Each structure stands twice: as C-alpha cells, then as structure tokens.
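I have placed the structure first, in the form of structure tokens, so that the comments after it can refer back to it.
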Amino acid sequence: MKAPSFGIAVAAFALLGGFQAIAQDRPAPEAATGLGADVDAVSAQNFMVAAANPHATQAGYDVLAAGGTAIDAMVAVQMVLNLVEPQSSGIGGGAFLVYYDAATGEVTTLDGRETAPMAADGNLFMGPDGEPMGFWQAVVGGRSVGTPGTVMLMEVAHDRYGASSWADLFQPAIDLAENGFEVTPRLANMLNGDTATRLQTYEAARDYFFPNGTALAVGDVVQNQPFADTLRAIAANGSSAFYSGDLADAIVTAVQSTEENPGLLALDDLASYQVIERPPVCQAYRGYQVCGMGPPSSGALTVGQILGLLEHFDLPSMGPNSVDAWHLFAEAGKLAYADRGLYMADSDFVSVPVEGLLDPAYVSGRAQLISLDQAAEPPVAAGDPPWREGRLWAPDESAELPGTSHVSIIDADGNAVSLTTTIESAFGSQIMVDGFLLNNELTDFSFRPEVDGRLIANRVQPGKRPRSSMAPTIVLDENGEVVLVVGSPGGSRIIGYVAQTIIAVLDWDMDIQSAIEMGHINNRNGATDLEIETEMVALQPHLEARGHEVNVRALNSGSQGIHVTDDALLGGADPRREGVALGD
C-alpha cells in the first residue's frame, strides 16, 4: 500500500457533545446524533485512527501527528480505552492484532488471547451435581479469570514495529487518570440493573463505580490514581511489571481470594504467558483477499466462509435493499456458524481443519445447500471439510457476550492496525485490581467438556486459549495493497457485523460510514435477528414468508473502519457507541 500524499486535510466526527479537541490548530470534532444521523465518513490524506471513545482516538491522533507508527498509536489508544471504557477492554484482558507492514507488503497476526490456568481442566465450570454452572454464576469472581495478554501484546508489537518511546505512549492515559475524565452516557447507562448488582460484588469495583453508594452519572469527573500508578510501572519497566512482582501478586491474590467463586490463576501462569505470532487466515472474495485472525479465533474462518458462500451469488447486482441479498446472508450465516460450533477452537490443542473449511470445492458444495426461495430449518448440520484430522467433536454452544472494543489505524507510511480487544462480558469478572478490571474470558470455553462421550473442541484445558469470535480484518486488493481495515465488538455476533460491512463496501460501493451505520441482520444458526428501529425491520414479513424465524432486537455493534480509496483515507465509527474517527 502506498501512503496517500495529497496535502493536508483534517476532518472528524464524534457522538459525544462537548468533546473538546486538544490540538488548537484544528476544529473540534463535529457532533452527531446517533444511529441514523447520516454522518459522512471522515476524509484524510496522511493517516487515520478510529476508536470507540473520543479521548482514545485523540491520543492515537496525537501520536500519529508526532510521527509515530500505527503500532505506537495503538498502544496509546488501548491504555486510554482501559480508563474511559473500562467495561469493554483493558490490560486485565486480551486482544488480537492483525497488522499490515507497508515495507514488506505482508500481513501477520499476534495472538494476545488469555489462557486457562495450568490448574484448570474440563470440569472448571461443572457444578457438584454434574451439570454446568449458570453463566453469571461462573462469571462473577476469580473462577472466570484467564491469564491476561494485552500488556504483552502491546510490548511485543511495539518492540517490532514501534518508533516512539514506550513510556511516552502511556502518558495520555496517565494524565487523564490523574486529572480526571468525564463519564460518558454509555458507561453511565451500564451502571444499572443486573449489571450494577454484579459490579457491586467486590469492594474495589463498588467503591470506584458507585462512590458513596451512588452510581457514576453522565458528566461526573472521575480520577483513577491506582491505574495511573499501574501504568507508570509498566511504562518504566515494560511487561515484567505486570507479569511479575507486586502487581502480579495483587492479581493472583484477588483472583484466588474471592470468597464464593475463587479462581485458579497462579503466579506461574502469569510468568509463563507468551504472545504467539500466527499466519493470517485469508479468504479470496471477488478479487480481494480478506485477512484476519485464525484459531483460537473463529473470526476469520467464519467471516471467510460467509463470504465464500456468498461469492456464489450475484450480491452486487442485488444491492442493499434486496430481500434476496439478506435472505442469502442469513442462510450463509447458518452454515458458517454450524462449522464454527463443531470444529473451531485453539489449534494448539485440537486439530482445526483451517484449509478444509475454506477449500473452494468444500465451500461450493455447502453453497449448493442454500435455496433462494426457502430458509433452511435451523440448526443446520456442520459439513465434512477435507483435511479434517482427528476426531469429530461434539458441537459447542458456549456463550460469548459483547464486552469488547475495536481500533482501526493507518499511519503515514501505510502501515495498518486492526485490533480487537476485550475483557469478555461487561466489566469482566467484576474484580478490580490496582485501578483496572480483570477479564472473565474463561467463560468463552464450553462449560461441558463432552456430550454423549464425544469431547468438545472448545473445552477447558490447561494453558489453552478459549475460542473467540473477534474478527479484526484487513482487506487487500489484487496488488496486495490495503483497501479496508475493519472490526467490531459484539460477542458471537461480531462475525456477522464484520462480514456485513465488508459486503457493503466491496459489493455495493457504500461509504464506510454508511456501511457501519446500516441496520444489522444476523443469523448464528438459529433465528434471524433484525436490528430494532432500523430499516432492517421492514424485512421481517418477507423473511418470514421464506421460512425464517425472525427476532427484532437490539444489535449493538461498535465497528470502526478505514476505507482506502484512490484519493483519500475514509474513516467511519459506529454511532451505536461513542466512536470517533480522526485523520490528517
């Protein structure tokens, strides 16, 4: 990819009224009103960053404006996100990075997914009655906490591709933590109901989010000195300050000492954690290469299968207003999720037929199961891909809830970052240590280790990484240059959100902002979900006439995307959350 060089232009938009730009030589981001606001994509010439909070995007922008790389900006963005969007991601969780190196033209991926403690086994979430624990019973407390990977992922990526001082990248988050930041509507709105009840289980989180017994409200200014101190330690000493010493002791003590649901995480688990570089999983689609994260993520494989199935149909001529197109999208989702549930897990522990699942002949055969006139009755069965090694596993129906964030960045040299980062469900395990929350990522494993004597691929095993749906994606054109950088939060629906955005941009030439704003349709091998209060609701009677069971519901993505055109970088951010894109 060649970096565009057409002079300087600055544009931005934001969801949050009142956000003030720090730089004085450019206007503050323009306010938008939320879903359906018809906001234009941000256009820039040199670099672009899109993230889920204005403060985080600003931090990344400032790093890029000072000559930093996309990876430098990513570190600054992640640390600020931890502070201002603590319910979604942070150093107590894990992340997947898809990275395009403009100098070599190569795409690689770094796996910073959490790992199961070495003391854990397939019975981790099985109760004394031989039945699985309830989901929320398993989440709250130390039992659900896996070894965090985000800090080491940041360090490994920075060591390889960074240019700015490591310590300097932490300063924006440290300043905000010490000086205070305003509580956003999204954070405030999550501090109620059952979520609030769970979050008050442990003292540290209760005192932080409910000072004096009252939930934080929109506009409250919050300081977090413990988090600033934690970041200073990591800035000064690198990841060793997290994976050993006083901070590691505090994490393990907190996990193991929860009274009703103690966990198994140990100091050795932290000390032995490793980030793994993996080859990208790429799927050809209408002349493009759609590249993403392979196992332990199901993201790239399932997105790839959906696109591979749909390439057998003329979606470009159907357009985004076609019932046929969305019927086909839902049917492709059923087939892809069927394979996901049976075959996909951490490939370091089980044999995942990666090549077979994307084999053109196999995908073509699966596509022949799709009828344009009639919906298949779910759940549809998984297929029989070639190169399937090992045993046939039992299907897994483990939950994966949307407590995640996404960051898309392209720097002035054309390097690209697609980072999806998470602590799993909202506020993770609800355990707070030294100013940050710990994940509940282990609940992404199957609670049952087997069904009817057949092992489940995504069962708990010592040191294993739970299956994820996170789908950070970079799309390349026929010349191997970046066309699209995209990803989303959304639990197991991430796959559909990402696939839909890719189709909207590549097949229908939609503006990246319009593609992200478009109402959602999603099928995970069950009912077809339509996003409430969007244009998709009008599809309900037409889809039901073809045999779909339809649910109209909230489908809360948080996509961030960058589209590279011949003339500019175009950035888009999801109005369903508080995203902002900034470019120069």
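All residue names refer to the structure tokens as shown: chains lettered A, B, ... in order, residues numbered from 1 in each chain, ligands numbered from 1 in order.
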
**Request:** Mind listing the alpha helix (DSSP H) residues of region 522-573 of chain A, per DSSP on the backbone, as a PyMOL selection string?
**Result:** chain A and resi 540-545

Serialized selection, C-alpha atoms, as a PDB file, in the first residue's frame:
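Below is the file that was written, selection14.pdb:
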```pdb
ATOM      1  CA  GLN A 540     -39.478  -9.254   8.723  1.00  0.00           C
ATOM      2  CA  PRO A 541     -42.605 -10.285   6.766  1.00  0.00           C
ATOM      3  CA  HIS A 542     -40.587 -11.083   3.646  1.00  0.00           C
ATOM      4  CA  LEU A 543     -38.108 -13.264   5.523  1.00  0.00           C
ATOM      5  CA  GLU A 544     -40.877 -14.976   7.472  1.00  0.00           C
ATOM      6  CA  ALA A 545     -42.572 -15.788   4.149  1.00  0.00           C
TER       7      ALA A 545
END
```

**Request:** Return as a VMD selection string the full set of residues in region 334-552 of chain A whose backbone-based DSSP assignment is strand (DSSP E).
**Result:** chain A and resid 403 to 410 416 to 424 432 to 433 436 to 437 450 to 451 454 to 455 473 to 476 482 to 487 521 to 523 528 to 531 550 to 552

**Prompt:** So which residues touch region 106-111 of chain A within 9 Å, counting only C-alpha atoms, skipping near sequence neighbours fewer than 6 positions away, as an MDAnalysis selection string?
**Reply:** chainID A and resid 94:100 149 153 156:157 274:280 291:294 296 474 480

Keeping only N, CA and C atoms, write the selected residues to a file as a tab-separated table (two decimals), in the first residue's frame.
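The file below, out12.tsv, is the result:
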```
chain	number	residue	atom	x	y	z
A	94	GLY	N	-7.49	-9.44	27.02
A	94	GLY	CA	-6.68	-9.94	25.91
A	94	GLY	C	-7.08	-9.28	24.61
A	95	ALA	N	-6.34	-9.56	23.54
A	95	ALA	CA	-6.60	-8.91	22.26
A	95	ALA	C	-6.01	-9.72	21.12
A	96	PHE	N	-6.54	-9.47	19.93
A	96	PHE	CA	-6.00	-10.00	18.68
A	96	PHE	C	-5.60	-8.83	17.79
A	97	LEU	N	-4.42	-8.91	17.20
A	97	LEU	CA	-3.92	-7.87	16.31
A	97	LEU	C	-3.68	-8.45	14.92
A	98	VAL	N	-4.26	-7.80	13.92
A	98	VAL	CA	-3.91	-8.07	12.52
A	98	VAL	C	-3.14	-6.86	12.03
A	99	TYR	N	-1.94	-7.08	11.48
A	99	TYR	CA	-1.04	-5.98	11.15
A	99	TYR	C	-0.54	-6.10	9.71
A	100	TYR	N	-0.61	-4.98	8.98
A	100	TYR	CA	-0.07	-4.90	7.63
A	100	TYR	C	1.20	-4.06	7.67
A	149	GLY	N	-3.45	-11.05	28.37
A	149	GLY	CA	-2.42	-10.99	27.34
A	149	GLY	C	-2.18	-9.63	26.73
A	153	LEU	N	1.06	-8.23	24.48
A	153	LEU	CA	0.80	-7.98	23.07
A	153	LEU	C	1.26	-6.58	22.68
A	156	VAL	N	5.18	-6.63	22.63
A	156	VAL	CA	5.75	-7.38	21.51
A	156	VAL	C	5.57	-6.60	20.21
A	157	ALA	N	4.39	-6.06	20.00
A	157	ALA	CA	4.13	-5.30	18.78
A	157	ALA	C	4.99	-4.04	18.73
A	274	GLN	N	2.84	-16.17	26.95
A	274	GLN	CA	3.51	-15.79	25.71
A	274	GLN	C	2.50	-15.30	24.67
A	275	VAL	N	2.86	-14.24	23.97
A	275	VAL	CA	2.13	-13.82	22.76
A	275	VAL	C	2.60	-14.69	21.61
A	276	ILE	N	1.69	-15.11	20.75
A	276	ILE	CA	2.03	-16.01	19.65
A	276	ILE	C	1.78	-15.30	18.32
A	277	GLU	N	2.81	-15.28	17.47
A	277	GLU	CA	2.61	-14.80	16.10
A	277	GLU	C	2.06	-15.95	15.27
A	278	ARG	N	0.98	-15.68	14.55
A	278	ARG	CA	0.34	-16.71	13.73
A	278	ARG	C	0.16	-16.18	12.31
A	279	PRO	N	0.15	-17.07	11.33
A	279	PRO	CA	-0.12	-16.62	9.96
A	279	PRO	C	-1.58	-16.17	9.86
A	280	PRO	N	-1.86	-15.18	9.04
A	280	PRO	CA	-3.25	-14.77	8.88
A	280	PRO	C	-4.06	-15.83	8.15
A	291	CYS	N	-8.30	-10.84	5.08
A	291	CYS	CA	-7.37	-11.49	6.01
A	291	CYS	C	-7.70	-11.15	7.46
A	292	GLY	N	-7.61	-12.16	8.31
A	292	GLY	CA	-7.94	-11.95	9.71
A	292	GLY	C	-7.26	-12.95	10.60
A	293	MET	N	-7.81	-13.07	11.81
A	293	MET	CA	-7.21	-13.87	12.88
A	293	MET	C	-7.74	-15.29	12.84
A	294	GLY	N	-6.82	-16.25	12.78
A	294	GLY	CA	-7.21	-17.65	12.80
A	294	GLY	C	-7.37	-18.17	14.21
A	296	PRO	N	-6.93	-19.30	17.89
A	296	PRO	CA	-8.16	-19.62	18.61
A	296	PRO	C	-9.36	-18.74	18.29
A	474	ILE	N	-8.20	-7.08	7.77
A	474	ILE	CA	-7.59	-6.20	6.79
A	474	ILE	C	-7.84	-6.81	5.41
A	480	GLY	N	-2.14	-6.42	-3.58
A	480	GLY	CA	-1.65	-6.65	-2.24
A	480	GLY	C	-1.61	-5.40	-1.39
```

**Message:** Can you pull out the residues contacting Pro360 (chain A)? Cut-off 12 Å, using only C-alpha atoms, and skip same-chain residues under 5 positions away; I want them as a list in words.
**Reply:**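 Counting only the stated atoms, we get Gln283, Ala284, Tyr285, Gly304, Gln305, Leu307, Gly308, Leu309, Glu311, His312, Glu355, Gly365, Arg366, Ala367, Pro385 and Pro386 of chain A.
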
Would you write out those residues with N, CA and C atoms, as a tab-separated table (two decimals), in the first residue's frame?
```tsv
chain	number	residue	atom	x	y	z
A	283	GLN	N	-9.21	-15.21	2.91
A	283	GLN	CA	-10.22	-15.77	2.02
A	283	GLN	C	-10.34	-14.88	0.79
A	284	ALA	N	-10.25	-15.48	-0.40
A	284	ALA	CA	-10.47	-14.72	-1.63
A	284	ALA	C	-11.95	-14.35	-1.74
A	285	TYR	N	-12.20	-13.10	-2.12
A	285	TYR	CA	-13.58	-12.65	-2.31
A	285	TYR	C	-13.62	-11.60	-3.41
A	304	GLY	N	-14.76	-15.68	6.59
A	304	GLY	CA	-14.33	-16.20	5.29
A	304	GLY	C	-15.32	-17.16	4.69
A	305	GLN	N	-15.90	-18.03	5.51
A	305	GLN	CA	-16.90	-18.96	4.99
A	305	GLN	C	-18.15	-18.22	4.50
A	307	LEU	N	-18.37	-15.18	3.36
A	307	LEU	CA	-18.06	-14.53	2.09
A	307	LEU	C	-17.88	-15.55	0.97
A	308	GLY	N	-17.21	-16.66	1.26
A	308	GLY	CA	-17.03	-17.69	0.24
A	308	GLY	C	-18.35	-18.26	-0.25
A	309	LEU	N	-19.27	-18.46	0.66
A	309	LEU	CA	-20.61	-18.95	0.28
A	309	LEU	C	-21.33	-17.92	-0.58
A	311	GLU	N	-20.10	-15.60	-2.46
A	311	GLU	CA	-19.49	-15.32	-3.75
A	311	GLU	C	-20.17	-16.13	-4.87
A	312	HIS	N	-20.90	-17.16	-4.49
A	312	HIS	CA	-21.63	-17.96	-5.49
A	312	HIS	C	-22.94	-17.29	-5.92
A	355	GLU	N	-7.58	-25.18	6.40
A	355	GLU	CA	-7.61	-25.22	4.93
A	355	GLU	C	-8.90	-25.83	4.42
A	365	GLY	N	-19.72	-26.70	-2.40
A	365	GLY	CA	-20.71	-27.71	-2.08
A	365	GLY	C	-21.68	-27.25	-1.01
A	366	ARG	N	-21.17	-26.55	-0.01
A	366	ARG	CA	-22.04	-26.02	1.04
A	366	ARG	C	-22.99	-24.95	0.47
A	367	ALA	N	-22.49	-24.15	-0.47
A	367	ALA	CA	-23.33	-23.11	-1.07
A	367	ALA	C	-24.53	-23.70	-1.80
A	385	PRO	N	-15.53	-31.09	6.01
A	385	PRO	CA	-14.47	-30.49	5.19
A	385	PRO	C	-13.32	-31.44	4.95
A	386	PRO	N	-12.62	-31.27	3.81
A	386	PRO	CA	-11.42	-32.09	3.58
A	386	PRO	C	-10.32	-31.71	4.56
```

**Item:** Close residues, region 135-137 of chain A itself excluded, 9 Å, only C-alpha atoms, min 2 positions apart in chain, as a ChimeraX atom specification
**Value:** /A:132-133,139-141,198,261,399,443,447

Those same residues - N, CA and C atoms - I'd like them written as a PDB file, in the first residue's frame.
```
ATOM      1  N   PRO A 132     -23.547 -28.057  34.233  1.00  0.00           N
ATOM      2  CA  PRO A 132     -22.786 -26.803  34.134  1.00  0.00           C
ATOM      3  C   PRO A 132     -23.342 -25.729  35.064  1.00  0.00           C
ATOM      4  N   MET A 133     -22.461 -24.869  35.544  1.00  0.00           N
ATOM      5  CA  MET A 133     -22.881 -23.721  36.329  1.00  0.00           C
ATOM      6  C   MET A 133     -23.704 -22.776  35.456  1.00  0.00           C
ATOM      7  N   VAL A 139     -19.337 -16.268  35.885  1.00  0.00           N
ATOM      8  CA  VAL A 139     -18.624 -15.047  35.514  1.00  0.00           C
ATOM      9  C   VAL A 139     -18.052 -14.327  36.717  1.00  0.00           C
ATOM     10  N   VAL A 140     -18.894 -14.084  37.713  1.00  0.00           N
ATOM     11  CA  VAL A 140     -18.522 -13.193  38.814  1.00  0.00           C
ATOM     12  C   VAL A 140     -17.559 -13.899  39.755  1.00  0.00           C
ATOM     13  N   GLY A 141     -16.343 -13.367  39.862  1.00  0.00           N
ATOM     14  CA  GLY A 141     -15.352 -13.963  40.744  1.00  0.00           C
ATOM     15  C   GLY A 141     -14.132 -14.438  39.998  1.00  0.00           C
ATOM     16  N   ARG A 198     -24.130  -6.999  39.934  1.00  0.00           N
ATOM     17  CA  ARG A 198     -22.922  -7.826  39.840  1.00  0.00           C
ATOM     18  C   ARG A 198     -21.669  -7.004  40.131  1.00  0.00           C
ATOM     19  N   ASN A 261     -16.366 -17.698  44.745  1.00  0.00           N
ATOM     20  CA  ASN A 261     -16.026 -18.231  43.431  1.00  0.00           C
ATOM     21  C   ASN A 261     -14.530 -18.043  43.152  1.00  0.00           C
ATOM     22  N   ALA A 399     -21.631 -19.486  25.291  1.00  0.00           N
ATOM     23  CA  ALA A 399     -21.989 -18.081  25.101  1.00  0.00           C
ATOM     24  C   ALA A 399     -20.732 -17.245  24.919  1.00  0.00           C
ATOM     25  N   THR A 443     -15.051 -17.987  30.485  1.00  0.00           N
ATOM     26  CA  THR A 443     -16.430 -18.385  30.195  1.00  0.00           C
ATOM     27  C   THR A 443     -16.704 -18.455  28.698  1.00  0.00           C
ATOM     28  N   PHE A 447     -18.743 -24.923  28.794  1.00  0.00           N
ATOM     29  CA  PHE A 447     -18.840 -25.331  30.194  1.00  0.00           C
ATOM     30  C   PHE A 447     -18.810 -26.851  30.308  1.00  0.00           C
TER      31      PHE A 447
END
```

**Prompt:** Contacts of Pro226 (chain A) at 9 Å or less, counting only C-alpha atoms, minus same-chain residues fewer than 2 places along, as a VMD selection string?
**Reply:** chain A and resid 177 224 228 to 231 433 to 436

Dump C-alpha atoms for the selected residues as a PDB file, in the first residue's frame?
```pdb
ATOM      1  CA  ALA A 177      -6.358   9.147  35.112  1.00  0.00           C
ATOM      2  CA  ASN A 224      -8.113   6.835  38.924  1.00  0.00           C
ATOM      3  CA  ALA A 228      -2.062   5.876  36.803  1.00  0.00           C
ATOM      4  CA  ASP A 229       0.407   4.220  39.184  1.00  0.00           C
ATOM      5  CA  THR A 230      -0.008   0.891  37.390  1.00  0.00           C
ATOM      6  CA  LEU A 231       0.625   2.487  34.010  1.00  0.00           C
ATOM      7  CA  VAL A 433      -7.060  -4.654  40.887  1.00  0.00           C
ATOM      8  CA  ASP A 434      -4.923  -1.505  41.097  1.00  0.00           C
ATOM      9  CA  GLY A 435      -7.374   0.523  39.014  1.00  0.00           C
ATOM     10  CA  PHE A 436      -8.295  -1.957  36.247  1.00  0.00           C
TER      11      PHE A 436
END
```

**Message:** Considering only C-alpha atoms, can you say which of A:Val486, A:Val552, A:Ala573, A:Ala515 comes closest to Glu531 (chain A)?
**Reply:**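 Selected residue with least distance to Glu531 (chain A): A:Val552.
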
Near-Glu377 (chain A) list (10 Å; only C-alpha atoms; drop same-chain fewer than 2 positions) as a tab-separated table (two decimals) with N, CA and C atoms, in the first residue's frame:
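In the end it all went to part.tsv:
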```tsv
chain	number	residue	atom	x	y	z
A	331	GLU	N	-28.74	-17.19	5.46
A	331	GLU	CA	-28.53	-18.61	5.20
A	331	GLU	C	-27.03	-18.96	5.22
A	334	LYS	N	-25.99	-19.36	8.82
A	334	LYS	CA	-26.34	-20.65	9.42
A	334	LYS	C	-25.27	-21.70	9.14
A	374	GLN	N	-36.36	-20.62	0.04
A	374	GLN	CA	-36.79	-21.22	1.30
A	374	GLN	C	-35.64	-21.26	2.30
A	375	ALA	N	-35.90	-20.80	3.52
A	375	ALA	CA	-34.89	-20.85	4.57
A	375	ALA	C	-34.71	-22.28	5.07
A	379	PRO	N	-31.25	-25.81	13.80
A	379	PRO	CA	-29.85	-25.65	13.39
A	379	PRO	C	-29.50	-26.57	12.24
A	380	VAL	N	-28.78	-26.03	11.25
A	380	VAL	CA	-28.30	-26.86	10.17
A	380	VAL	C	-27.07	-27.61	10.65
A	525	ASN	N	-27.02	-19.61	13.14
A	525	ASN	CA	-27.56	-20.96	13.03
A	525	ASN	C	-28.77	-21.15	13.95
A	526	GLY	N	-29.60	-20.14	13.95
A	526	GLY	CA	-30.85	-20.17	14.71
A	526	GLY	C	-31.83	-19.21	14.08
A	527	ALA	N	-32.47	-18.41	14.91
A	527	ALA	CA	-33.37	-17.39	14.40
A	527	ALA	C	-32.58	-16.30	13.68
A	547	GLY	N	-39.67	-18.65	5.45
A	547	GLY	CA	-39.45	-19.66	6.47
A	547	GLY	C	-38.52	-19.28	7.60
A	548	HIS	N	-38.06	-18.04	7.64
A	548	HIS	CA	-37.19	-17.60	8.73
A	548	HIS	C	-38.01	-17.37	10.00
A	549	GLU	N	-37.47	-17.81	11.12
A	549	GLU	CA	-37.95	-17.33	12.41
A	549	GLU	C	-37.21	-16.03	12.68
```
